[in-house]
file data.json (JSON, C-alpha atoms)
[["chain", "number", "residue", "atom", "x", "y", "z"],
["A", 1155, "MET", "CA", 0.00, 0.00, 0.00],
["A", 1156, "THR", "CA", 1.30, 3.47, -0.91],
["A", 1157, "GLU", "CA", 1.88, 5.67, 2.11],
["A", 1158, "LYS", "CA", 0.34, 9.13, 2.29],
["A", 1159, "ILE", "CA", 2.24, 11.09, 4.91],
["A", 1160, "LEU", "CA", 1.10, 14.41, 6.38],
["A", 1161, "VAL", "CA", 3.74, 16.50, 8.18],
["A", 1162, "ILE", "CA", 2.23, 19.33, 10.25],
["A", 1163, "GLY", "CA", 4.72, 22.03, 11.24],
["A", 1164, "ALA", "CA", 6.96, 21.31, 8.27],
["A", 1165, "ASN", "CA", 8.77, 24.68, 8.32],
["A", 1166, "GLY", "CA", 10.40, 24.16, 11.70],
["A", 1167, "GLN", "CA", 13.82, 22.92, 12.75],
["A", 1168, "ILE", "CA", 12.79, 19.25, 12.69],
["A", 1169, "GLY", "CA", 10.16, 19.47, 9.95],
["A", 1170, "THR", "CA", 12.48, 21.01, 7.36],
["A", 1171, "GLU", "CA", 14.80, 18.01, 7.52],
["A", 1172, "LEU", "CA", 12.18, 15.35, 8.18],
["A", 1173, "VAL", "CA", 10.13, 16.29, 5.08],
["A", 1174, "ASN", "CA", 13.23, 15.96, 2.93],
["A", 1175, "ALA", "CA", 14.10, 12.57, 4.44],
["A", 1176, "LEU", "CA", 10.55, 11.24, 4.05],
["A", 1177, "ARG", "CA", 10.34, 12.43, 0.42],
["A", 1178, "ASN", "CA", 13.63, 10.69, -0.35],
["A", 1179, "ILE", "CA", 12.19, 7.44, 1.03],
["A", 1180, "HIS", "CA", 8.55, 7.52, -0.08],
["A", 1181, "GLY", "CA", 8.63, 9.87, -3.07],
["A", 1182, "ALA", "CA", 7.80, 13.57, -3.22],
["A", 1183, "ASP", "CA", 4.10, 13.20, -3.99],
["A", 1184, "SER", "CA", 3.52, 10.88, -1.01],
["A", 1185, "VAL", "CA", 4.59, 13.47, 1.59],
["A", 1186, "ILE", "CA", 2.33, 16.47, 2.17],
["A", 1187, "ALA", "CA", 4.20, 19.22, 3.99],
["A", 1188, "SER", "CA", 2.03, 21.68, 5.92],
["A", 1189, "ASP", "CA", 2.52, 24.67, 8.17],
["A", 1190, "ILE", "CA", 0.75, 27.82, 9.33],
["A", 1191, "ASN", "CA", 3.31, 29.86, 7.36],
["A", 1192, "SER", "CA", 4.46, 29.73, 3.76],
["A", 1193, "PRO", "CA", 7.27, 27.24, 3.28],
["A", 1194, "THR", "CA", 10.87, 27.53, 2.28],
["A", 1195, "TYR", "CA", 11.60, 27.35, -1.43],
["A", 1196, "ALA", "CA", 12.98, 23.80, -1.08],
["A", 1197, "ILE", "CA", 9.89, 22.40, 0.64],
["A", 1198, "ARG", "CA", 7.40, 24.13, -1.67],
["A", 1199, "HIS", "CA", 9.16, 23.02, -4.83],
["A", 1200, "SER", "CA", 10.00, 19.44, -3.84],
["A", 1201, "GLY", "CA", 6.43, 18.25, -3.27],
["A", 1202, "PRO", "CA", 2.88, 19.15, -2.16],
["A", 1203, "PHE", "CA", 2.32, 21.80, 0.51],
["A", 1204, "GLU", "CA", -0.78, 22.93, 2.42],
["A", 1205, "LEU", "CA", -1.33, 25.93, 4.68],
["A", 1206, "VAL", "CA", -2.61, 24.42, 7.95],
["A", 1207, "ASN", "CA", -3.47, 25.83, 11.36],
["A", 1208, "VAL", "CA", -3.85, 22.97, 13.87],
["A", 1209, "LEU", "CA", -6.13, 25.16, 15.98],
["A", 1210, "ASP", "CA", -8.53, 25.64, 13.06],
["A", 1211, "LYS", "CA", -10.51, 22.44, 13.38],
["A", 1212, "ASP", "CA", -12.46, 22.85, 10.13],
["A", 1213, "ASN", "CA", -9.34, 23.61, 8.14],
["A", 1214, "LEU", "CA", -7.50, 20.64, 9.64],
["A", 1215, "HIS", "CA", -10.44, 18.29, 9.06],
["A", 1216, "HIS", "CA", -10.53, 19.39, 5.41],
["A", 1217, "ILE", "CA", -6.84, 18.52, 5.00],
["A", 1218, "PHE", "CA", -7.33, 15.07, 6.54],
["A", 1219, "ASN", "CA", -10.35, 14.46, 4.33],
["A", 1220, "LYS", "CA", -8.58, 15.70, 1.21],
["A", 1221, "HIS", "CA", -5.40, 13.67, 1.59],
["A", 1222, "GLN", "CA", -6.55, 10.64, 3.67],
["A", 1223, "PRO", "CA", -3.11, 10.26, 5.29],
["A", 1224, "THR", "CA", -1.82, 6.87, 6.41],
["A", 1225, "GLN", "CA", 0.81, 8.52, 8.65],
["A", 1226, "VAL", "CA", 0.81, 11.88, 10.43],
["A", 1227, "TYR", "CA", 3.77, 13.70, 11.99],
["A", 1228, "LEU", "CA", 2.63, 16.53, 14.28],
["A", 1229, "LEU", "CA", 5.57, 18.89, 14.83],
["A", 1230, "ALA", "CA", 3.74, 22.19, 15.39],
["A", 1231, "ALA", "CA", 4.55, 23.53, 18.87],
["A", 1232, "ILE", "CA", 5.68, 26.54, 20.88],
["A", 1233, "LEU", "CA", 9.00, 25.70, 22.53],
["A", 1234, "SER", "CA", 10.31, 26.33, 26.04],
["A", 1235, "ALA", "CA", 11.71, 29.87, 26.05],
["A", 1236, "VAL", "CA", 8.95, 31.33, 23.86],
["A", 1237, "GLY", "CA", 6.38, 29.39, 25.86],
["A", 1238, "GLU", "CA", 7.36, 31.21, 29.05],
["A", 1239, "GLN", "CA", 6.65, 34.53, 27.31],
["A", 1240, "LYS", "CA", 3.27, 33.35, 25.96],
["A", 1241, "PRO", "CA", 2.16, 30.61, 28.38],
["A", 1242, "LYS", "CA", -1.53, 30.32, 27.52],
["A", 1243, "MET", "CA", -0.86, 30.46, 23.79],
["A", 1244, "ALA", "CA", 1.77, 27.73, 24.22],
["A", 1245, "TRP", "CA", -0.63, 25.52, 26.17],
["A", 1246, "ASP", "CA", -3.39, 26.03, 23.61],
["A", 1247, "LEU", "CA", -1.24, 25.25, 20.59],
["A", 1248, "ASN", "CA", 0.64, 22.33, 22.15],
["A", 1249, "MET", "CA", -2.43, 20.71, 23.72],
["A", 1250, "THR", "CA", -5.46, 21.57, 21.57],
["A", 1251, "GLY", "CA", -3.49, 21.00, 18.38],
["A", 1252, "LEU", "CA", -2.50, 17.53, 19.57],
["A", 1253, "LEU", "CA", -6.07, 16.61, 20.51],
["A", 1254, "HIS", "CA", -7.37, 17.74, 17.12],
["A", 1255, "VAL", "CA", -4.80, 15.55, 15.36],
["A", 1256, "LEU", "CA", -5.48, 12.54, 17.60],
["A", 1257, "ASP", "CA", -9.25, 12.83, 17.04],
["A", 1258, "PHE", "CA", -8.94, 13.12, 13.27],
["A", 1259, "SER", "CA", -6.40, 10.29, 13.17],
["A", 1260, "VAL", "CA", -8.96, 8.03, 14.83],
["A", 1261, "GLU", "CA", -11.74, 9.28, 12.54],
["A", 1262, "PHE", "CA", -9.75, 8.81, 9.34],
["A", 1263, "LYS", "CA", -8.12, 5.54, 10.48],
["A", 1264, "VAL", "CA", -4.54, 6.81, 10.28],
["A", 1265, "LYS", "CA", -2.12, 3.89, 10.66],
["A", 1266, "LYS", "CA", 0.63, 5.70, 12.58],
["A", 1267, "VAL", "CA", 1.03, 9.05, 14.32],
["A", 1268, "PHE", "CA", 4.31, 10.62, 15.44],
["A", 1269, "TRP", "CA", 4.35, 13.35, 18.07],
["A", 1270, "PRO", "CA", 7.55, 14.70, 19.63],
["A", 1271, "SER", "CA", 7.95, 15.07, 23.36],
["A", 1272, "SER", "CA", 11.02, 16.53, 25.07],
["A", 1273, "ILE", "CA", 13.41, 16.25, 28.00],
["A", 1274, "ALA", "CA", 11.42, 19.26, 29.26],
["A", 1275, "VAL", "CA", 8.94, 16.74, 30.76],
["A", 1276, "PHE", "CA", 11.46, 16.23, 33.57],
["A", 1277, "GLY", "CA", 11.72, 18.71, 36.43],
["A", 1278, "PRO", "CA", 13.81, 19.76, 39.43],
["A", 1279, "HIS", "CA", 12.99, 16.57, 41.37],
["A", 1280, "SER", "CA", 13.75, 14.20, 38.50],
["A", 1281, "PRO", "CA", 17.13, 12.42, 38.76],
["A", 1282, "GLN", "CA", 19.52, 14.73, 36.90],
["A", 1283, "PHE", "CA", 22.12, 12.19, 35.82],
["A", 1284, "ASN", "CA", 21.29, 9.21, 33.61],
["A", 1285, "THR", "CA", 17.63, 10.17, 33.99],
["A", 1286, "PRO", "CA", 15.59, 6.96, 33.66],
["A", 1287, "GLN", "CA", 12.57, 6.33, 31.47],
["A", 1288, "TYR", "CA", 10.31, 6.14, 34.52],
["A", 1289, "CYS", "CA", 10.87, 8.55, 37.40],
["A", 1290, "VAL", "CA", 9.45, 11.63, 39.16],
["A", 1291, "MET", "CA", 8.39, 14.16, 36.52],
["A", 1292, "ASP", "CA", 7.54, 17.63, 37.80],
["A", 1293, "PRO", "CA", 8.17, 20.07, 34.93],
["A", 1294, "ASN", "CA", 7.89, 23.75, 35.85],
["A", 1295, "THR", "CA", 7.58, 25.27, 32.36],
["A", 1296, "VAL", "CA", 4.45, 25.46, 30.21],
["A", 1297, "TYR", "CA", 6.31, 23.66, 27.45],
["A", 1298, "GLY", "CA", 7.31, 20.89, 29.86],
["A", 1299, "PHE", "CA", 3.93, 20.22, 31.37],
["A", 1300, "SER", "CA", 2.16, 20.52, 28.02],
["A", 1301, "LYS", "CA", 4.50, 17.81, 26.74],
["A", 1302, "LEU", "CA", 3.91, 15.67, 29.83],
["A", 1303, "ALA", "CA", 0.15, 16.01, 29.42],
["A", 1304, "GLY", "CA", 0.55, 15.23, 25.72],
["A", 1305, "GLU", "CA", 2.36, 12.00, 26.56],
["A", 1306, "ARG", "CA", -0.56, 10.93, 28.71],
["A", 1307, "TRP", "CA", -3.03, 11.72, 25.90],
["A", 1308, "CYS", "CA", -0.97, 9.74, 23.37],
["A", 1309, "GLU", "CA", -0.91, 6.69, 25.60],
["A", 1310, "TYR", "CA", -4.62, 7.13, 26.34],
["A", 1311, "TYR", "CA", -5.52, 7.17, 22.63],
["A", 1312, "PHE", "CA", -3.44, 4.04, 22.09],
["A", 1313, "ASN", "CA", -5.12, 2.20, 24.96],
["A", 1314, "LYS", "CA", -8.68, 3.44, 24.33],
["A", 1315, "TYR", "CA", -8.83, 3.65, 20.52],
["A", 1316, "GLY", "CA", -5.93, 1.48, 19.36],
["A", 1317, "LEU", "CA", -4.29, 4.45, 17.66],
["A", 1318, "ASP", "CA", -0.64, 3.66, 16.91],
["A", 1319, "VAL", "CA", 0.96, 6.79, 18.38],
["A", 1320, "ARG", "CA", 4.75, 6.89, 18.75],
["A", 1321, "SER", "CA", 6.91, 9.50, 20.44],
["A", 1322, "ILE", "CA", 10.44, 10.50, 21.37],
["A", 1323, "ARG", "CA", 11.59, 12.77, 24.19],
["A", 1324, "TYR", "CA", 14.07, 14.75, 22.13],
["A", 1325, "PRO", "CA", 17.08, 16.30, 23.83],
["A", 1326, "GLY", "CA", 18.31, 19.67, 22.53],
["A", 1327, "LEU", "CA", 18.60, 19.52, 18.73],
["A", 1328, "ILE", "CA", 21.47, 20.94, 16.70],
["A", 1329, "GLY", "CA", 21.31, 21.34, 12.93],
["A", 1330, "TRP", "CA", 22.55, 23.66, 10.19],
["A", 1331, "ARG", "CA", 19.70, 23.52, 7.66],
["A", 1332, "ALA", "CA", 17.08, 25.51, 9.60],
["A", 1333, "ASN", "CA", 17.03, 28.22, 12.24],
["A", 1334, "PRO", "CA", 16.26, 27.21, 15.85],
["A", 1335, "GLY", "CA", 12.73, 27.73, 17.10],
["A", 1336, "GLY", "CA", 12.97, 29.41, 20.51],
["A", 1337, "GLY", "CA", 14.20, 26.66, 22.81],
["A", 1338, "THR", "CA", 16.47, 26.74, 25.85],
["A", 1339, "THR", "CA", 19.07, 24.61, 24.08],
["A", 1340, "ASP", "CA", 19.31, 26.98, 21.10],
["A", 1341, "TYR", "CA", 22.66, 28.36, 22.27],
["A", 1342, "ALA", "CA", 24.21, 25.23, 20.78],
["A", 1343, "VAL", "CA", 23.02, 26.31, 17.32],
["A", 1344, "HIS", "CA", 23.60, 30.06, 17.68],
["A", 1345, "ILE", "CA", 27.19, 29.49, 18.78],
["A", 1346, "PHE", "CA", 28.14, 28.08, 15.37],
["A", 1347, "HIS", "CA", 26.52, 30.95, 13.46],
["A", 1348, "GLU", "CA", 28.26, 33.54, 15.64],
["A", 1349, "ALA", "CA", 31.58, 31.72, 15.49],
["A", 1350, "LEU", "CA", 31.58, 31.91, 11.70],
["A", 1351, "LYS", "CA", 30.16, 35.45, 11.47],
["A", 1352, "LYS", "CA", 31.94, 37.21, 14.35],
["A", 1353, "GLY", "CA", 34.49, 34.83, 15.82],
["A", 1354, "LYS", "CA", 32.90, 35.15, 19.26],
["A", 1355, "TYR", "CA", 29.71, 34.28, 21.12],
["A", 1356, "GLN", "CA", 27.99, 35.24, 24.36],
["A", 1357, "SER", "CA", 26.21, 32.21, 25.79],
["A", 1358, "PHE", "CA", 22.93, 32.81, 27.63],
["A", 1359, "LEU", "CA", 23.67, 29.65, 29.68],
["A", 1360, "SER", "CA", 26.47, 29.49, 32.23],
["A", 1361, "ALA", "CA", 29.81, 27.88, 31.44],
["A", 1362, "ASN", "CA", 29.19, 24.56, 33.19],
["A", 1363, "THR", "CA", 25.51, 23.96, 32.33],
["A", 1364, "ALA", "CA", 25.45, 20.40, 31.03],
["A", 1365, "LEU", "CA", 22.48, 19.42, 28.85],
["A", 1366, "PRO", "CA", 21.71, 16.43, 26.62],
["A", 1367, "MET", "CA", 21.96, 17.37, 22.94],
["A", 1368, "MET", "CA", 21.63, 15.57, 19.62],
["A", 1369, "TYR", "CA", 22.73, 16.31, 16.08],
["A", 1370, "MET", "CA", 19.76, 16.65, 13.75],
["A", 1371, "ASP", "CA", 20.93, 13.78, 11.52],
["A", 1372, "ASP", "CA", 20.69, 11.45, 14.51],
["A", 1373, "ALA", "CA", 17.30, 12.86, 15.52],
["A", 1374, "ILE", "CA", 15.86, 12.24, 12.05],
["A", 1375, "LYS", "CA", 17.38, 8.76, 11.98],
["A", 1376, "ALA", "CA", 15.84, 7.94, 15.38],
["A", 1377, "THR", "CA", 12.43, 9.23, 14.30],
["A", 1378, "LEU", "CA", 12.41, 7.10, 11.16],
["A", 1379, "MET", "CA", 13.68, 4.04, 13.05],
["A", 1380, "LEU", "CA", 10.91, 4.37, 15.62],
["A", 1381, "MET", "CA", 8.22, 4.80, 12.96],
["A", 1382, "ASP", "CA", 9.56, 1.84, 10.95],
["A", 1383, "ALA", "CA", 9.69, -0.52, 13.94],
["A", 1384, "PRO", "CA", 7.03, -3.26, 14.11],
["A", 1385, "ALA", "CA", 4.17, -2.26, 16.42],
["A", 1386, "GLU", "CA", 4.79, -5.25, 18.68],
["A", 1387, "LYS", "CA", 8.30, -3.91, 19.43],
["A", 1388, "ILE", "CA", 6.95, -0.60, 20.78],
["A", 1389, "THR", "CA", 6.59, -1.10, 24.54],
["A", 1390, "ILE", "CA", 6.29, 2.60, 25.45],
["A", 1391, "ARG", "CA", 3.28, 4.56, 24.23],
["A", 1392, "SER", "CA", 3.95, 7.73, 26.22],
["A", 1393, "SER", "CA", 7.38, 8.73, 24.85],
["A", 1394, "TYR", "CA", 10.84, 7.16, 24.60],
["A", 1395, "ASN", "CA", 13.87, 8.70, 26.29],
["A", 1396, "LEU", "CA", 16.59, 9.62, 23.77],
["A", 1397, "ALA", "CA", 19.99, 10.49, 25.17],
["A", 1398, "GLY", "CA", 22.19, 12.15, 22.59],
["A", 1399, "ILE", "CA", 25.44, 13.59, 23.93],
["A", 1400, "SER", "CA", 25.78, 15.72, 27.05],
["A", 1401, "PHE", "CA", 28.12, 18.71, 27.14],
["A", 1402, "THR", "CA", 28.47, 22.23, 28.57],
["A", 1403, "PRO", "CA", 28.87, 25.51, 26.65],
["A", 1404, "THR", "CA", 32.56, 25.46, 27.65],
["A", 1405, "GLN", "CA", 33.07, 21.96, 26.27],
["A", 1406, "LEU", "CA", 31.34, 22.92, 23.04],
["A", 1407, "ALA", "CA", 33.42, 26.10, 22.72],
["A", 1408, "ASP", "CA", 36.63, 24.14, 23.33],
["A", 1409, "GLU", "CA", 35.73, 21.76, 20.53],
["A", 1410, "ILE", "CA", 35.04, 24.68, 18.17],
["A", 1411, "LYS", "CA", 38.41, 26.22, 19.13],
["A", 1412, "LYS", "CA", 40.18, 23.09, 17.88],
["A", 1413, "LEU", "CA", 39.00, 24.04, 14.38],
["A", 1414, "MET", "CA", 38.79, 27.83, 14.93],
["A", 1415, "PRO", "CA", 41.59, 28.73, 17.40],
["A", 1416, "GLU", "CA", 40.65, 32.44, 17.48],
["A", 1417, "PHE", "CA", 37.08, 31.77, 18.64],
["A", 1418, "GLU", "CA", 36.09, 33.37, 21.97],
["A", 1419, "ILE", "CA", 33.15, 32.69, 24.26],
["A", 1420, "SER", "CA", 31.69, 34.77, 27.10],
["A", 1421, "TYR", "CA", 28.71, 34.23, 29.39],
["A", 1422, "ALA", "CA", 25.67, 36.37, 30.12],
["A", 1423, "GLU", "CA", 24.27, 36.69, 33.62],
["A", 1424, "ASN", "CA", 20.68, 36.35, 34.87],
["A", 1425, "ASP", "CA", 19.17, 35.06, 31.63],
["A", 1426, "PRO", "CA", 15.74, 33.52, 32.36],
["A", 1427, "ARG", "CA", 16.61, 30.49, 30.26],
["A", 1428, "GLN", "CA", 19.22, 29.48, 32.83],
["A", 1429, "ALA", "CA", 16.54, 28.53, 35.36],
["A", 1430, "ILE", "CA", 14.84, 26.37, 32.75],
["A", 1431, "ALA", "CA", 18.10, 24.60, 31.91],
["A", 1432, "ASP", "CA", 18.87, 24.02, 35.60],
["A", 1433, "SER", "CA", 15.61, 22.08, 36.00],
["A", 1434, "TRP", "CA", 16.41, 19.68, 33.15],
["A", 1435, "PRO", "CA", 18.48, 16.46, 33.15],
["A", 1436, "LYS", "CA", 22.23, 16.54, 32.62],
["A", 1437, "SER", "CA", 22.24, 13.12, 30.94],
["A", 1438, "ILE", "CA", 19.61, 10.59, 29.84],
["A", 1439, "ASP", "CA", 19.21, 6.81, 29.97],
["A", 1440, "ASP", "CA", 17.78, 5.65, 26.63],
["A", 1441, "SER", "CA", 18.17, 1.90, 27.13],
["A", 1442, "TYR", "CA", 14.52, 1.23, 26.20],
["A", 1443, "ALA", "CA", 15.03, 2.77, 22.75],
["A", 1444, "GLN", "CA", 18.18, 0.69, 22.31],
["A", 1445, "LYS", "CA", 16.43, -2.51, 23.36],
["A", 1446, "ASP", "CA", 13.05, -2.03, 21.63],
["A", 1447, "TRP", "CA", 14.06, -0.66, 18.21],
["A", 1448, "GLY", "CA", 17.84, -0.89, 18.02],
["A", 1449, "TRP", "CA", 18.71, 2.76, 18.57],
["A", 1450, "GLN", "CA", 22.41, 3.72, 18.33],
["A", 1451, "LEU", "CA", 23.91, 7.21, 18.30],
["A", 1452, "GLU", "CA", 26.18, 8.09, 15.37],
["A", 1453, "TYR", "CA", 27.44, 11.64, 16.07],
["A", 1454, "ASP", "CA", 29.67, 12.35, 19.05],
["A", 1455, "LEU", "CA", 30.76, 15.90, 19.93],
["A", 1456, "PRO", "CA", 33.85, 16.18, 17.66],
["A", 1457, "LYS", "CA", 32.02, 14.66, 14.66],
["A", 1458, "MET", "CA", 29.02, 16.97, 15.16],
["A", 1459, "VAL", "CA", 31.14, 20.13, 15.50],
["A", 1460, "GLY", "CA", 33.14, 19.31, 12.37],
["A", 1461, "ASP", "CA", 30.02, 18.65, 10.31],
["A", 1462, "MET", "CA", 28.24, 21.80, 11.55],
["A", 1463, "LEU", "CA", 31.14, 24.08, 10.67],
["A", 1464, "VAL", "CA", 31.76, 22.55, 7.25],
["A", 1465, "ASN", "CA", 28.09, 22.84, 6.23],
["A", 1466, "LEU", "CA", 27.34, 26.25, 7.78],
["A", 1467, "LYS", "CA", 30.32, 27.80, 5.99],
["A", 1468, "LYS", "CA", 28.57, 27.01, 2.70],
["A", 1469, "ILE", "CA", 25.44, 29.00, 3.54],
["A", 1470, "ILE", "CA", 26.63, 31.89, 5.76]]
call {"tool": "encode", "arguments": {"input": "data.json", "output": "structure tokens"}}
result
Amino acid sequence: MTEKILVIGANGQIGTELVNALRNIHGADSVIASDINSPTYAIRHSGPFELVNVLDKDNLHHIFNKHQPTQVYLLAAILSAVGEQKPKMAWDLNMTGLLHVLDFSVEFKVKKVFWPSSIAVFGPHSPQFNTPQYCVMDPNTVYGFSKLAGERWCEYYFNKYGLDVRSIRYPGLIGWRANPGGGTTDYAVHIFHEALKKGKYQSFLSANTALPMMYMDDAIKATLMLMDAPAEKITIRSSYNLAGISFTPTQLADEIKKLMPEFEISYAENDPRQAIADSWPKSIDDSYAQKDWGWQLEYDLPKMVGDMLVNLKKII
């Protein structure tokens, strides 16, 4: 059976790369990119595109009815730092949008749904090192508790309606193809842009703030592996931990200096994003993903830094 894949939020940091990967696998016409905003040139001209607002129920229902998707990837969200500036808007988009997609996926008998969660579901009382799949989760950001609530809804729709929903708790994501979307981990993308443009960067996180991160190539690979896994292998219907690599701004800067010796880093004080970062894990245990669907990380810190700099130089 030919897949018909709908990607909602296709213009974002993940969506930009995921649409390209899916079109390479399934063919351009089988992947409908959609977003509330007009797309990049590459997305618009490599396959079908629809303007979609996940909060507009009639509009969204029309798109489901028109395309009859077999798979849906819901990527539309307001991220952590922006969410703290617009908390009720973030809750509405992250929660109501998910419920609309889950309802229509049941109605139109969608075979598989992907929805991204985040390490933001953990909080100040979660174990900070090697954070396990199951533990205390007390997020204190709107983004975090909207993601935690979303995990519960995804599992609920699987148990109650048999909807095959799959999810990953992404760590911070680093990529060169798209701009970051307002997250607490975005320093790890900005630092590369500033290194190449100005030779220096002021980090909004403190020097020794360790956070789990992942190169976008690995994140896309993990997403496709999870969605390709047989349903009987998926033992977690809330969201899988995904570890990535953990490092501090200082460690990242030191790695950049190996390739750009003149690079300098400084650190801002009293940035509100610091408190968010301090409540998140320092490292993650993703043994369930390894066991259930064979997950293995490809990019370590030196390999990621080298690839980022080589590719960003071409477009800056």
call {"tool": "atom_distance", "arguments": {"input": "data.json", "atom1": "atom CA of Ser1188 of chain A", "atom2": "atom CA of Asn1207 of chain A"}}
result
8.8 Å
call {"tool": "atom_distance", "arguments": {"input": "data.json", "atom1": "atom CA of Tyr1288 of chain A", "atom2": "atom CA of Ala1385 of chain A"}}
result
20.9 Å
call {"tool": "residues_near_point", "arguments": {"input": "data.json", "point": "(13.0, 2.7, 26.5)", "cutoff": "8 Å", "atoms": "only C-alpha atoms", "output": "PDB file with C-alpha atoms, keeping the file's coordinate frame"}}
result
ATOM      1  CA  GLN A1287      12.570   6.330  31.470  1.00  0.00           C
ATOM      2  CA  THR A1389       6.590  -1.100  24.540  1.00  0.00           C
ATOM      3  CA  ILE A1390       6.290   2.600  25.450  1.00  0.00           C
ATOM      4  CA  TYR A1394      10.840   7.160  24.600  1.00  0.00           C
ATOM      5  CA  ASN A1395      13.870   8.700  26.290  1.00  0.00           C
ATOM      6  CA  ASP A1440      17.780   5.650  26.630  1.00  0.00           C
ATOM      7  CA  SER A1441      18.170   1.900  27.130  1.00  0.00           C
ATOM      8  CA  TYR A1442      14.520   1.230  26.200  1.00  0.00           C
ATOM      9  CA  ALA A1443      15.030   2.770  22.750  1.00  0.00           C
ATOM     10  CA  GLN A1444      18.180   0.690  22.310  1.00  0.00           C
ATOM     11  CA  LYS A1445      16.430  -2.510  23.360  1.00  0.00           C
ATOM     12  CA  ASP A1446      13.050  -2.030  21.630  1.00  0.00           C
TER      13      ASP A1446
END
call {"tool": "closest_residue", "arguments": {"input": "data.json", "among": "A:Pro1426, A:Pro1270, A:Gly1329, A:Pro1384", "to": "Leu1463 of chain A", "atoms": "only C-alpha atoms"}}
result
A:Gly1329
call {"tool": "closest_residue", "arguments": {"input": "data.json", "among": "A:Ala1422, A:Ile1345, A:Leu1365, A:Val1464", "to": "Ala1407 of chain A", "atoms": "all atoms listed in the file"}}
result
A:Ile1345
call {"tool": "residues_around", "arguments": {"input": "data.json", "residues": "Ile1374 of chain A", "least_positions_apart": "2", "cutoff": "9 Å", "atoms": "all atoms listed in the file", "output": "PyMOL selection string"}}
result
chain A and resi 1168+1171-1172+1175+1369-1372+1376-1379
call {"tool": "closest_atom_pairs", "arguments": {"input": "data.json", "of": "segment 1264-1288 of chain A", "to": "segment 1226-1231 of chain A", "cutoff": "12 Å", "atoms": "all atoms listed in the file", "output": "CSV"}}
result
residue,atom,partner,partner_atom,distance
A:Val1264,CA,A:Val1226,CA,7.4
A:Lys1265,CA,A:Val1226,CA,8.5
A:Lys1266,CA,A:Val1226,CA,6.5
A:Val1267,CA,A:Val1226,CA,4.8
A:Phe1268,CA,A:Tyr1227,CA,4.7
A:Trp1269,CA,A:Leu1228,CA,5.2
A:Pro1270,CA,A:Leu1229,CA,6.7
A:Ser1271,CA,A:Leu1229,CA,9.6
A:Ser1272,CA,A:Ala1231,CA,11.4
call {"tool": "closest_residue", "arguments": {"input": "data.json", "among": "A:Asn1294, A:Thr1224, A:Gln1282, A:Thr1363", "to": "Lys1263 of chain A", "atoms": "only C-alpha atoms"}}
result
A:Thr1224
call {"tool": "closest_residue", "arguments": {"input": "data.json", "among": "A:Ile1190, A:Ile1430, A:Leu1359, A:Ala1364", "to": "Tyr1297 of chain A", "atoms": "all atoms listed in the file"}}
result
A:Ile1430
call {"tool": "atom_distance", "arguments": {"input": "data.json", "atom1": "atom CA of Gly1337 of chain A", "atom2": "atom CA of Lys1412 of chain A"}}
result
26.7 Å
call {"tool": "residues_around", "arguments": {"input": "data.json", "residues": "Cys1308 of chain A", "least_positions_apart": "4", "cutoff": "9 Å", "atoms": "only C-alpha atoms", "output": "list in words"}}
result
Leu1252, Leu1256, Trp1269, Ala1303, Gly1304, Phe1312, Asn1313, Leu1317, Asp1318, Val1319, Arg1320, Ser1321, Arg1391, Ser1392 and Ser1393 of chain A
call {"tool": "residues_around", "arguments": {"input": "data.json", "residues": "Gln1405 of chain A", "least_positions_apart": "4", "cutoff": "10 Å", "atoms": "all atoms listed in the file", "output": "list in words"}}
result
Ala1361, Asn1362, Thr1363, Ala1364, Ser1400, Phe1401, Glu1409, Ile1410, Lys1411 and Leu1455 of chain A
call {"tool": "write_last_selection", "arguments": {"input": "data.json", "atoms": "C-alpha atoms", "output": "mmCIF file, in the frame of the given file"}}
result
data_model
loop_
_atom_site.group_PDB
_atom_site.id
_atom_site.type_symbol
_atom_site.label_atom_id
_atom_site.label_comp_id
_atom_site.auth_asym_id
_atom_site.auth_seq_id
_atom_site.Cartn_x
_atom_site.Cartn_y
_atom_site.Cartn_z
ATOM 1 C CA ALA A 1361 29.810 27.880 31.440
ATOM 2 C CA ASN A 1362 29.190 24.560 33.190
ATOM 3 C CA THR A 1363 25.510 23.960 32.330
ATOM 4 C CA ALA A 1364 25.450 20.400 31.030
ATOM 5 C CA SER A 1400 25.780 15.720 27.050
ATOM 6 C CA PHE A 1401 28.120 18.710 27.140
ATOM 7 C CA GLU A 1409 35.730 21.760 20.530
ATOM 8 C CA ILE A 1410 35.040 24.680 18.170
ATOM 9 C CA LYS A 1411 38.410 26.220 19.130
ATOM 10 C CA LEU A 1455 30.760 15.900 19.930
#
call {"tool": "closest_residue", "arguments": {"input": "data.json", "among": "A:Gly1335, A:Gly1201, A:Pro1241, A:Gly1277", "to": "Cys1289 of chain A", "atoms": "all atoms listed in the file"}}
result
A:Gly1277
call {"tool": "closest_residue", "arguments": {"input": "data.json", "among": "A:Ser1300, A:Asn1178, A:Ser1259, A:Thr1339", "to": "Gln1225 of chain A", "atoms": "all atoms listed in the file"}}
result
A:Ser1259
call {"tool": "axis_aligned_box", "arguments": {"input": "data.json", "around": "segment 1337-1353 of chain A", "padding_each_side": "3 Å", "output": "JSON"}}
result
{"center_x": 24.3, "center_y": 30.9, "center_z": 18.7, "size_x": 26.3, "size_y": 18.6, "size_z": 20.4}
call {"tool": "residues_around", "arguments": {"input": "data.json", "residues": "Tyr1355 of chain A", "least_positions_apart": "3", "cutoff": "7 Å", "atoms": "all atoms listed in the file", "output": "compact mmCIF listing (two decimals) with C-alpha atoms, keeping the file's coordinate frame"}}
result
# COMPACT_ATOMS: atom_id res chain seq x y z
CA ILE A 1345 27.19 29.49 18.78
CA GLU A 1348 28.26 33.54 15.64
CA ALA A 1349 31.58 31.72 15.49
CA GLU A 1418 36.09 33.37 21.97
CA ILE A 1419 33.15 32.69 24.26
CA SER A 1420 31.69 34.77 27.10
call {"tool": "residues_around", "arguments": {"input": "data.json", "residues": "Glu1261 of chain A", "least_positions_apart": "6", "cutoff": "12 Å", "atoms": "all atoms listed in the file", "output": "PyMOL selection string"}}
result
chain A and resi 1215+1218-1219+1222-1224+1254-1255+1315-1317
